[in-house]
Each structure stands twice: as C-alpha cells, then as structure tokens.
>>> print(open('entry13.tsv').read())   # TSV, C-alpha atoms
chain	number	residue	atom	x	y	z
A	1160	MET	CA	64.45	143.59	3.38
A	1161	ASN	CA	64.61	147.36	3.26
A	1162	ASP	CA	67.74	149.51	2.92
A	1163	ALA	CA	67.85	150.31	6.64
A	1164	ALA	CA	67.99	146.67	7.64
A	1165	PRO	CA	71.45	145.63	8.82
A	1166	PRO	CA	73.23	143.19	6.53
A	1167	ASP	CA	73.33	139.53	7.49
A	1168	ALA	CA	77.11	139.61	8.03
A	1169	ASP	CA	76.77	142.33	10.68
A	1170	LEU	CA	74.07	140.41	12.52
A	1171	LEU	CA	76.10	137.24	12.28
A	1172	SER	CA	79.15	138.75	13.93
A	1173	ALA	CA	77.09	140.39	16.69
A	1174	PRO	CA	77.21	137.53	19.25
A	1175	ALA	CA	81.01	137.81	19.31
A	1176	ARG	CA	80.49	141.41	20.47
A	1177	GLY	CA	77.99	140.26	23.09
A	1178	ASP	CA	74.94	141.39	21.13
A	1179	GLU	CA	72.56	138.43	21.23
A	1180	ARG	CA	69.58	140.56	20.17
A	1181	ALA	CA	71.14	141.06	16.76
A	1182	PHE	CA	71.44	137.30	16.36
A	1183	GLU	CA	67.77	136.99	17.21
A	1184	THR	CA	67.01	139.45	14.40
A	1185	LEU	CA	68.99	137.24	12.02
A	1186	VAL	CA	67.07	134.16	13.17
A	1187	ARG	CA	63.78	135.98	12.73
A	1188	ARG	CA	64.76	136.93	9.19
A	1189	TYR	CA	65.28	133.30	8.14
A	1190	VAL	CA	63.35	131.09	10.54
A	1191	ARG	CA	60.21	130.89	8.41
A	1192	ARG	CA	61.96	129.76	5.25
A	1193	ALA	CA	64.32	127.46	7.16
A	1194	THR	CA	61.37	125.76	8.85
A	1195	PHE	CA	59.50	125.28	5.56
A	1196	LEU	CA	62.62	123.83	3.99
A	1197	ALA	CA	63.21	121.42	6.88
A	1198	ALA	CA	59.54	120.42	6.85
A	1199	GLN	CA	59.78	119.50	3.18
A	1200	TRP	CA	62.54	117.08	4.05
A	1201	VAL	CA	61.50	115.61	7.38
A	1202	GLY	CA	57.71	116.02	7.22
A	1203	ASP	CA	56.98	116.44	10.90
A	1204	ARG	CA	56.65	119.98	12.28
A	1205	ASP	CA	58.50	119.30	15.55
A	1206	ASP	CA	61.31	117.55	13.71
A	1207	ALA	CA	61.55	120.51	11.35
A	1208	GLU	CA	61.84	122.96	14.25
A	1209	ASP	CA	64.50	120.75	15.87
A	1210	VAL	CA	66.50	120.80	12.66
A	1211	VAL	CA	66.25	124.60	12.43
A	1212	GLN	CA	67.30	124.91	16.08
A	1213	GLU	CA	70.33	122.73	15.44
A	1214	ALA	CA	71.21	124.67	12.28
A	1215	PHE	CA	71.17	128.02	14.07
A	1216	ALA	CA	73.22	126.56	16.92
A	1217	ILE	CA	75.85	125.61	14.33
A	1218	VAL	CA	75.62	129.08	12.79
A	1219	HIS	CA	76.05	130.70	16.20
A	1220	ARG	CA	79.07	128.54	17.04
A	1221	THR	CA	80.84	128.89	13.69
A	1222	ALA	CA	79.91	132.49	12.87
A	1223	GLY	CA	83.54	133.52	13.29
A	1224	ASP	CA	84.57	131.21	10.44
A	1225	PHE	CA	81.98	132.57	8.01
A	1226	ASP	CA	83.47	134.33	4.99
A	1227	VAL	CA	81.71	137.70	4.87
A	1228	GLN	CA	82.26	137.83	1.10
A	1229	ARG	CA	79.77	134.98	0.76
A	1230	THR	CA	76.00	135.22	1.04
A	1231	PHE	CA	74.55	133.99	4.30
A	1232	ALA	CA	71.29	132.44	3.06
A	1233	PRO	CA	72.76	129.63	0.91
A	1234	TRP	CA	75.11	128.72	3.75
A	1235	LEU	CA	72.29	128.49	6.27
A	1236	PHE	CA	69.98	126.57	3.93
A	1237	GLY	CA	72.82	124.20	3.05
A	1238	ILE	CA	73.18	123.39	6.75
A	1239	VAL	CA	69.41	122.89	7.08
A	1240	ARG	CA	69.29	120.58	4.06
A	1241	ARG	CA	72.22	118.50	5.33
A	1242	LEU	CA	70.78	118.15	8.84
A	1243	SER	CA	67.33	117.33	7.44
A	1244	SER	CA	68.73	114.73	5.09
A	1245	ASN	CA	70.71	113.13	7.93
A	1246	ARG	CA	67.64	113.05	10.15
A	1247	ARG	CA	65.51	111.48	7.44
A	1248	ALA	CA	68.15	108.84	6.73
A	1249	ARG	CA	68.37	108.10	10.46
A	1250	ASP	CA	64.59	107.78	10.71
A	1251	GLN	CA	64.53	105.45	7.72
A	1252	ARG	CA	67.21	103.24	9.29
A	1253	ARG	CA	65.26	103.19	12.53
A	1254	ARG	CA	62.08	102.15	10.72
A	1255	ARG	CA	63.94	99.38	8.92
A	1256	LEU	CA	65.30	98.08	12.22
A	1257	LEU	CA	61.86	98.25	13.82
A	1258	SER	CA	60.38	96.34	10.92
A	1259	LEU	CA	62.67	93.45	11.81
A	1260	TRP	CA	61.00	93.18	15.20
A	1261	HIS	CA	57.44	94.00	14.37
A	1262	SER	CA	55.43	92.20	11.81
A	1263	ARG	CA	53.44	95.26	11.01
A	1264	VAL	CA	55.21	98.60	10.91
A	1265	GLU	CA	54.09	101.46	8.79
A	1266	ALA	CA	55.98	101.04	5.54
A	1267	ASP	CA	56.38	104.69	4.78
A	1268	ARG	CA	56.08	107.80	6.77
A	1269	VAL	CA	52.62	109.20	6.51
A	1270	VAL	CA	52.49	112.64	5.01
A	1271	PRO	CA	51.11	114.94	7.70
A	1272	PRO	CA	47.63	116.21	6.98
A	1273	ALA	CA	47.71	119.59	5.34
A	1274	ASP	CA	46.26	122.58	7.07
A	1275	ALA	CA	42.55	122.90	6.37
A	1276	ALA	CA	42.85	126.45	5.12
A	1277	VAL	CA	45.57	125.50	2.69
A	1278	MET	CA	43.55	122.56	1.48
A	1279	ALA	CA	40.63	124.85	0.97
A	1280	ALA	CA	42.88	127.07	-1.08
A	1281	LEU	CA	43.70	124.09	-3.24
A	1282	GLU	CA	39.92	123.92	-3.79
A	1283	THR	CA	39.60	120.33	-4.83
A	1284	GLU	CA	40.83	117.01	-3.57
A	1285	SER	CA	41.81	115.99	-7.05
A	1286	LEU	CA	44.20	118.89	-7.22
A	1287	ALA	CA	45.80	117.75	-3.98
A	1288	ARG	CA	46.12	114.24	-5.38
A	1289	ALA	CA	47.66	115.62	-8.56
A	1290	LEU	CA	50.07	117.59	-6.40
A	1291	ASP	CA	51.12	114.40	-4.61
A	1292	ARG	CA	51.91	112.76	-7.94
A	1293	LEU	CA	54.35	115.50	-8.96
A	1294	PRO	CA	58.09	114.79	-8.93
A	1295	ALA	CA	59.65	115.80	-5.61
A	1296	MET	CA	61.39	119.00	-6.67
A	1297	GLN	CA	58.41	120.22	-8.72
A	1298	ARG	CA	56.15	119.69	-5.74
A	1299	ALA	CA	58.62	121.37	-3.37
A	1300	CYS	CA	59.02	124.48	-5.55
A	1301	PHE	CA	55.29	124.71	-6.28
A	1302	ASP	CA	54.52	124.36	-2.58
A	1303	LEU	CA	56.85	127.19	-1.54
A	1304	ILE	CA	56.04	129.60	-4.34
A	1305	VAL	CA	52.32	129.10	-4.81
A	1306	LEU	CA	51.23	128.18	-1.30
A	1307	ARG	CA	53.83	130.11	0.73
A	1308	ASN	CA	54.34	133.11	-1.53
A	1309	LEU	CA	58.10	132.87	-1.53
A	1310	SER	CA	60.05	134.26	-4.47
A	1311	PRO	CA	61.93	132.05	-6.94
A	1312	ARG	CA	65.14	133.65	-5.66
A	1313	GLU	CA	64.34	132.62	-2.08
A	1314	VAL	CA	63.40	129.09	-3.11
A	1315	ALA	CA	66.58	128.82	-5.19
A	1316	ASP	CA	68.64	129.69	-2.09
A	1317	MET	CA	66.69	127.24	0.02
A	1318	HIS	CA	67.20	124.27	-2.28
A	1319	GLY	CA	70.61	125.19	-3.57
A	1320	ILE	CA	69.52	125.34	-7.21
A	1321	SER	CA	69.38	128.16	-9.74
A	1322	GLU	CA	66.46	130.54	-9.99
A	1323	SER	CA	65.77	129.46	-13.57
A	1324	THR	CA	65.57	125.83	-12.44
A	1325	VAL	CA	63.03	126.84	-9.81
A	1326	ARG	CA	60.93	128.62	-12.44
A	1327	GLN	CA	61.16	125.56	-14.66
A	1328	HIS	CA	59.99	123.28	-11.86
A	1329	VAL	CA	57.03	125.53	-11.13
A	1330	PHE	CA	56.15	125.82	-14.82
A	1331	ARG	CA	56.21	122.04	-15.23
A	1332	ALA	CA	54.26	121.55	-12.01
A	1333	ARG	CA	51.54	123.91	-13.22
A	1334	ALA	CA	51.40	122.13	-16.58
A	1335	ALA	CA	51.19	118.71	-14.91
A	1336	LEU	CA	48.48	119.85	-12.51
A	1337	LYS	CA	46.51	121.39	-15.30
A	1338	ALA	CA	46.78	118.21	-17.37
A	1339	GLY	CA	45.83	116.13	-14.34
A	1340	LEU	CA	42.67	118.12	-13.79
A	1341	GLU	CA	41.49	118.07	-17.40
B	1287	MET	CA	67.55	112.32	-1.58
B	1288	ASN	CA	64.82	114.83	-2.38
B	1289	PRO	CA	62.30	116.84	-0.36
B	1290	GLU	CA	59.23	114.66	0.02
B	1291	PHE	CA	56.69	116.54	2.05
B	1292	GLY	CA	54.44	119.54	1.73
B	1293	THR	CA	54.40	122.44	4.17
B	1294	GLY	CA	50.63	122.72	4.49
B	1295	HIS	CA	50.70	121.48	8.09
B	1296	ILE	CA	53.06	124.26	9.23
B	1297	PRO	CA	51.12	127.24	10.67
B	1298	ASP	CA	52.25	130.49	9.13
B	1299	ASP	CA	51.72	133.57	11.27
B	1300	ASP	CA	54.12	136.29	12.39
B	1301	ALA	CA	53.55	135.90	16.12
B	1302	ARG	CA	54.50	132.24	15.92
B	1303	TRP	CA	57.68	132.98	13.96
B	1304	ASP	CA	58.63	135.69	16.47
B	1305	THR	CA	58.26	133.25	19.35
B	1306	LEU	CA	60.16	130.53	17.53
B	1307	ALA	CA	62.98	132.94	16.62
B	1308	ARG	CA	63.33	134.09	20.23
B	1309	ARG	CA	63.45	130.51	21.46
B	1310	ILE	CA	65.97	129.41	18.84
B	1311	ALA	CA	68.28	132.40	19.43
B	1312	ALA	CA	68.19	131.89	23.20
B	1313	ASN	CA	68.89	128.16	22.85
B	1314	ALA	CA	71.75	128.76	20.41
B	1315	ALA	CA	73.38	131.18	22.86
B	1316	ALA	CA	72.86	128.74	25.75
B	1317	ILE	CA	74.32	125.83	23.76
B	1318	ARG	CA	77.35	127.96	22.86
B	1319	GLU	CA	77.86	128.95	26.49
B	1320	HIS	CA	77.56	125.34	27.63
B	1321	GLU	CA	80.09	124.21	25.02
B	1322	SER	CA	82.48	127.00	26.01
B	1323	SER	CA	82.34	126.00	29.67
B	1324	ALA	CA	82.83	122.35	28.69
B	1325	ILE	CA	85.91	123.33	26.68
B	1326	GLY	CA	87.17	125.36	29.66
B	1327	TRP	CA	86.67	122.35	31.90
B	1328	LEU	CA	88.57	120.14	29.48
B	1329	ALA	CA	91.36	122.71	29.33
B	1330	GLY	CA	91.52	122.62	33.15
B	1331	ILE	CA	91.70	118.85	33.09
B	1332	ARG	CA	94.48	119.05	30.53
B	1333	ALA	CA	96.45	121.48	32.67
B	1334	ALA	CA	96.03	119.16	35.64
B	1335	LEU	CA	97.24	116.20	33.58
B	1336	VAL	CA	100.28	118.16	32.43
B	1337	ALA	CA	101.06	119.13	36.05
B	1338	ALA	CA	100.68	115.51	37.21
B	1339	SER	CA	102.97	114.34	34.41
B	1340	ILE	CA	105.64	116.85	35.45
B	1341	VAL	CA	105.41	115.74	39.09
B	1342	LEU	CA	105.74	112.09	38.05
B	1343	ALA	CA	108.71	112.88	35.82
B	1344	VAL	CA	110.48	114.75	38.63
B	1345	ALA	CA	109.77	111.91	41.06
B	1346	ALA	CA	111.11	109.37	38.58
B	1347	THR	CA	114.27	111.45	38.05
B	1348	LEU	CA	114.86	111.78	41.79
B	1349	LEU	CA	114.45	108.06	42.25
B	1350	THR	CA	116.93	107.40	39.48
B	1351	LEU	CA	119.53	109.79	40.89
B	1352	SER	CA	119.26	108.78	44.53
B	1353	PRO	CA	121.82	106.20	45.79
B	1354	ASN	CA	120.63	102.66	45.61
B	1355	PRO	CA	120.89	101.00	49.04
B	1356	ARG	CA	121.33	97.60	47.48
B	1357	ALA	CA	124.17	98.87	45.33
B	1358	GLU	CA	125.80	100.38	48.44
B	1359	THR	CA	125.57	97.07	50.25
B	1360	ALA	CA	127.05	95.30	47.30
B	1361	SER	CA	129.99	97.73	47.08
B	1362	SER	CA	130.57	97.40	50.86
B	1363	ARG	CA	130.80	93.68	50.45
B	1364	LEU	CA	133.29	94.20	47.68
B	1365	GLU	CA	135.40	96.41	49.97
B	1366	VAL	CA	135.31	93.70	52.63
B	1367	ILE	CA	136.78	91.30	50.17
B	1368	VAL	CA	139.31	93.57	48.48
B	1369	LEU	CA	140.43	96.40	50.78
B	1370	PRO	CA	140.74	95.33	54.42
B	1371	GLU	CA	143.32	93.23	56.00
B	1372	ASN	CA	142.31	89.72	55.71
B	1373	ASP	CA	141.25	89.26	59.31
B	1374	VAL	CA	137.97	89.30	61.16
B	1375	VAL	CA	138.51	92.65	62.97
B	1376	GLY	CA	139.42	94.47	59.79
B	1377	GLN	CA	136.43	93.03	58.09
B	1378	ALA	CA	134.20	94.00	61.02
B	1379	LEU	CA	135.40	97.63	60.89
B	1380	THR	CA	134.99	97.92	57.16
B	1381	ARG	CA	131.49	96.53	56.93
B	1382	ARG	CA	129.21	99.55	57.11
B	1383	ASP	CA	125.91	97.75	57.18
B	1384	GLN	CA	126.42	96.33	60.63
B	1385	SER	CA	128.28	97.44	63.74
B	1386	PRO	CA	131.23	95.33	64.77
B	1387	ALA	CA	130.58	93.16	67.75
B	1388	VAL	CA	132.45	94.33	70.85
B	1389	GLY	CA	133.76	90.84	71.42
B	1390	THR	CA	135.22	90.75	68.00
B	1391	LEU	CA	137.04	94.07	68.53
B	1392	LEU	CA	138.41	93.09	71.94
B	1393	PHE	CA	139.34	89.54	71.42
B	1394	GLY	CA	139.42	89.08	67.72
B	1395	ALA	CA	138.43	85.87	66.11
B	1396	ARG	CA	138.69	82.78	68.01
>>> encode(input="entry13.tsv", output="structure tokens")
Amino acid sequence: MNDAAPPDADLLSAPARGDERAFETLVRRYVRRATFLAAQWVGDRDDAEDVVQEAFAIVHRTAGDFDVQRTFAPWLFGIVRRLSSNRRARDQRRRRLLSLWHSRVEADRVVPPADAAVMAALETESLARALDRLPAMQRACFDLIVLRNLSPREVADMHGISESTVRQHVFRARAALKAGLE
Amino acid sequence: MNPEFGTGHIPDDDARWDTLARRIAANAAAIREHESSAIGWLAGIRAALVAASIVLAVAATLLTLSPNPRAETASSRLEVIVLPENDVVGQALTRRDQSPAVGTLLFGAR
C-alpha cells in the first residue's frame, strides 16, 4: 500500500456515506488474501469464495460498529477464519450423517488437485508429498509465503498469530522438507 | 481446528481478483439493502400490531363501560318487587322491558 492509498477505516465507513466504490476498493485490497485463507480451511474454491462473500457482507453490515482505533485486517481475517471453521464443521457433520445411509462414502475430503504451474514450481512429486506430511500450520504458512509470496506480517494477520510464529513455522517447514528430500 | 488445505488450486491473477471484488462488493451492498427493507417491513408490521392492540383495548374499555342490558333487566325486576304498589297495574307500569297490556291498565287484574 502506498502513502496515497486511503486508510482502511476511511474505506470502511464509506458505504454509510453512500460511497459503494470505496467499499469495493477495500474488498479489492483484501480479497486475494481472504480467499487464500478460506481455501486453506475449506479446500474447495467455490466454498472459499462463498465464505469471503459472507465475510464482506458482515463487514458491510457492521462497519458502523468497527472501532477505528483497531486494525481492519485482523478483524476481517478473524471473521473469515470463524466462517470457514463453521463451514468445515458443518460439512464434516453432513458427511458423518451421509455415512450412516451409504455404505461407501468418501472418508475424508479429497484435497483439490494443485494447479499444474504451482506443482511444476514445486519441481518434484516427492516435495509435494513431503509438503502434505507437514503439520497443518507449517504447511499453511509455507504455502502462503513461499507459493503465494505473502509477507510474514500478512500471514500473521490472516491466521491470527504473531509474525515470529509465522517465521518459525516456515523455518521448520523448510527444515522438514529438506530432511524429507535427503 | 487447523487449516488443512493448500491454495495451489486457486488461480492467482489480477483480473480475476478485480472481478471477484466487484461481485463481492455489489452483493454485500445488495444484501445490506435487502436486510434494511426487511427490517423496515418488520417495523411496519410492529406499528400495525401496536395500532391493532390500541383499537382492541379501546373496544374492550367501551364494552366494559357500556350499560349491561342484563343488569338493567335485573334491576328492573328488583324495582318491580320493591318500589311499586303491590298490584298488577303498578307492576305493569314499572316494568320497563315490556309495555303494559291495555287490558291490564283499563280493567286491572281480574
């Protein structure tokens, strides 16, 4: 964000003044990270976009209650995480119920196939397998920082953890991947 | 609960994010507008309920205050017993719920 860019708080209060374009600017500023975050929780791309849609609808509705002394990003990402977690829990309950009726239901949600270009960037299949074996938060931080070029600060906001914890997760992920490939 | 999935399947290009942002912002505004109109509708319903309650209360009060025809009849009967002379003509004049028979007035009781 450059110095000329309006602060989040100004964009957030814009709809109350009838300026919906400013809200769109705010959405554009965060939609990429919010979608990646939701996708890490719910897996499916459409589900992730639904979650982000719902999160911004909440933001739009409750913008008047937002404390301008606070930072916007952690608030938004907190909403996205909560909605994603709820959706995943609901999907898991649904799968459990379905398994009562069907003898053969997929036991776990299948991880969507990664984009070919990204997989190519990973270079080898063994690296991808090693990535799958990482603990959840290590994999999530590594995914966002190494594959999506987000900063540790941004990832910290997204997952509601400290920047140093993010760096630690990435460091450990790199070490584990390196050990897995040797 | 932890994040489980990678983001490799999410396409990452500016044009797509622009489109998605436009759609999300427009939907958020539409949802807000819809909710506002729903709240306005509920407020209208509430006002109507309050008005109906007032009308019912007024009607109930009027019914309570209006003279009870049965009570009137009962008091008339009491007057017949207590106040008039103890003859048929007097009783016929005093009873308000029915006109005295002409024969009774002219000839009295037989």
>>> interface_residues(input="entry13.tsv", of="chain A", to="chain B", cutoff="9 Å", atoms="only C-alpha atoms", output="JSON list (two decimals) with C-alpha atoms, keeping the file's coordinate frame")
[["chain", "number", "residue", "atom", "x", "y", "z"],
["A", 1174, "PRO", "CA", 77.21, 137.53, 19.25],
["A", 1179, "GLU", "CA", 72.56, 138.43, 21.23],
["A", 1180, "ARG", "CA", 69.58, 140.56, 20.17],
["A", 1182, "PHE", "CA", 71.44, 137.30, 16.36],
["A", 1183, "GLU", "CA", 67.77, 136.99, 17.21],
["A", 1184, "THR", "CA", 67.01, 139.45, 14.40],
["A", 1185, "LEU", "CA", 68.99, 137.24, 12.02],
["A", 1186, "VAL", "CA", 67.07, 134.16, 13.17],
["A", 1187, "ARG", "CA", 63.78, 135.98, 12.73],
["A", 1188, "ARG", "CA", 64.76, 136.93, 9.19],
["A", 1189, "TYR", "CA", 65.28, 133.30, 8.14],
["A", 1190, "VAL", "CA", 63.35, 131.09, 10.54],
["A", 1191, "ARG", "CA", 60.21, 130.89, 8.41],
["A", 1194, "THR", "CA", 61.37, 125.76, 8.85],
["A", 1195, "PHE", "CA", 59.50, 125.28, 5.56],
["A", 1196, "LEU", "CA", 62.62, 123.83, 3.99],
["A", 1197, "ALA", "CA", 63.21, 121.42, 6.88],
["A", 1198, "ALA", "CA", 59.54, 120.42, 6.85],
["A", 1199, "GLN", "CA", 59.78, 119.50, 3.18],
["A", 1200, "TRP", "CA", 62.54, 117.08, 4.05],
["A", 1201, "VAL", "CA", 61.50, 115.61, 7.38],
["A", 1202, "GLY", "CA", 57.71, 116.02, 7.22],
["A", 1203, "ASP", "CA", 56.98, 116.44, 10.90],
["A", 1204, "ARG", "CA", 56.65, 119.98, 12.28],
["A", 1208, "GLU", "CA", 61.84, 122.96, 14.25],
["A", 1211, "VAL", "CA", 66.25, 124.60, 12.43],
["A", 1212, "GLN", "CA", 67.30, 124.91, 16.08],
["A", 1213, "GLU", "CA", 70.33, 122.73, 15.44],
["A", 1215, "PHE", "CA", 71.17, 128.02, 14.07],
["A", 1216, "ALA", "CA", 73.22, 126.56, 16.92],
["A", 1217, "ILE", "CA", 75.85, 125.61, 14.33],
["A", 1218, "VAL", "CA", 75.62, 129.08, 12.79],
["A", 1219, "HIS", "CA", 76.05, 130.70, 16.20],
["A", 1220, "ARG", "CA", 79.07, 128.54, 17.04],
["A", 1244, "SER", "CA", 68.73, 114.73, 5.09],
["A", 1270, "VAL", "CA", 52.49, 112.64, 5.01],
["A", 1271, "PRO", "CA", 51.11, 114.94, 7.70],
["A", 1272, "PRO", "CA", 47.63, 116.21, 6.98],
["A", 1273, "ALA", "CA", 47.71, 119.59, 5.34],
["A", 1274, "ASP", "CA", 46.26, 122.58, 7.07],
["A", 1275, "ALA", "CA", 42.55, 122.90, 6.37],
["A", 1276, "ALA", "CA", 42.85, 126.45, 5.12],
["A", 1277, "VAL", "CA", 45.57, 125.50, 2.69],
["A", 1278, "MET", "CA", 43.55, 122.56, 1.48],
["A", 1291, "ASP", "CA", 51.12, 114.40, -4.61],
["A", 1295, "ALA", "CA", 59.65, 115.80, -5.61],
["A", 1296, "MET", "CA", 61.39, 119.00, -6.67],
["A", 1298, "ARG", "CA", 56.15, 119.69, -5.74],
["A", 1299, "ALA", "CA", 58.62, 121.37, -3.37],
["A", 1302, "ASP", "CA", 54.52, 124.36, -2.58],
["A", 1303, "LEU", "CA", 56.85, 127.19, -1.54],
["A", 1306, "LEU", "CA", 51.23, 128.18, -1.30],
["A", 1307, "ARG", "CA", 53.83, 130.11, 0.73]]
>>> atom_distance(input="entry13.tsv", atom1="CA of Arg1253 in chain A", atom2="CA of Ala1287 in chain A")
29.4 Å
>>> residues_around(input="entry13.tsv", residues="Val1210 in chain A", least_positions_apart="4", cutoff="7 Å", atoms="all atoms listed in the file", output="list in words")
Ala1197, Asp1206, Ala1214, Val1239, Leu1242 and Ser1243 of chain A
>>> axis_aligned_box(input="entry13.tsv", around="range 1303-1307 of chain B", padding_each_side="8 Å", output="JSON")
{"center_x": 60.3, "center_y": 133.1, "center_z": 16.7, "size_x": 21.3, "size_y": 21.2, "size_z": 21.4}
>>> atom_distance(input="entry13.tsv", atom1="CA of Ala1334 in chain A", atom2="CA of Gln1297 in chain A")
10.7 Å
>>> atom_distance(input="entry13.tsv", atom1="CA of Ala1345 in chain B", atom2="CA of Leu1328 in chain B")
25.5 Å
>>> closest_residue(input="entry13.tsv", among="A:Asp1224, A:Asp1205, A:Glu1322, A:Glu1313", to="Phe1236 in chain A", atoms="all atoms listed in the file")
A:Glu1313
>>> residues_around(input="entry13.tsv", residues="Leu1170 in chain A", least_positions_apart="2", cutoff="7 Å", atoms="only C-alpha atoms", output="count of residues only")
9
>>> residues_around(input="entry13.tsv", residues="Arg1312 in chain A", least_positions_apart="6", cutoff="9 Å", atoms="all atoms listed in the file", output="tab-separated table (two decimals) with C-alpha atoms, in the frame of the given file")
chain	number	residue	atom	x	y	z
A	1321	SER	CA	69.38	128.16	-9.74
A	1322	GLU	CA	66.46	130.54	-9.99
A	1323	SER	CA	65.77	129.46	-13.57
A	1325	VAL	CA	63.03	126.84	-9.81
>>> residues_around(input="entry13.tsv", residues="range 1335-1337 of chain A", least_positions_apart="3", cutoff="10 Å", atoms="only C-alpha atoms", output="PyMOL selection string")
chain A and resi 1285-1294+1297+1329-1332+1340-1341
>>> closest_residue(input="entry13.tsv", among="A:Arg1246, A:Arg1240, A:Arg1192, A:Arg1333", to="Asn1308 in chain A", atoms="all atoms listed in the file")
A:Arg1192
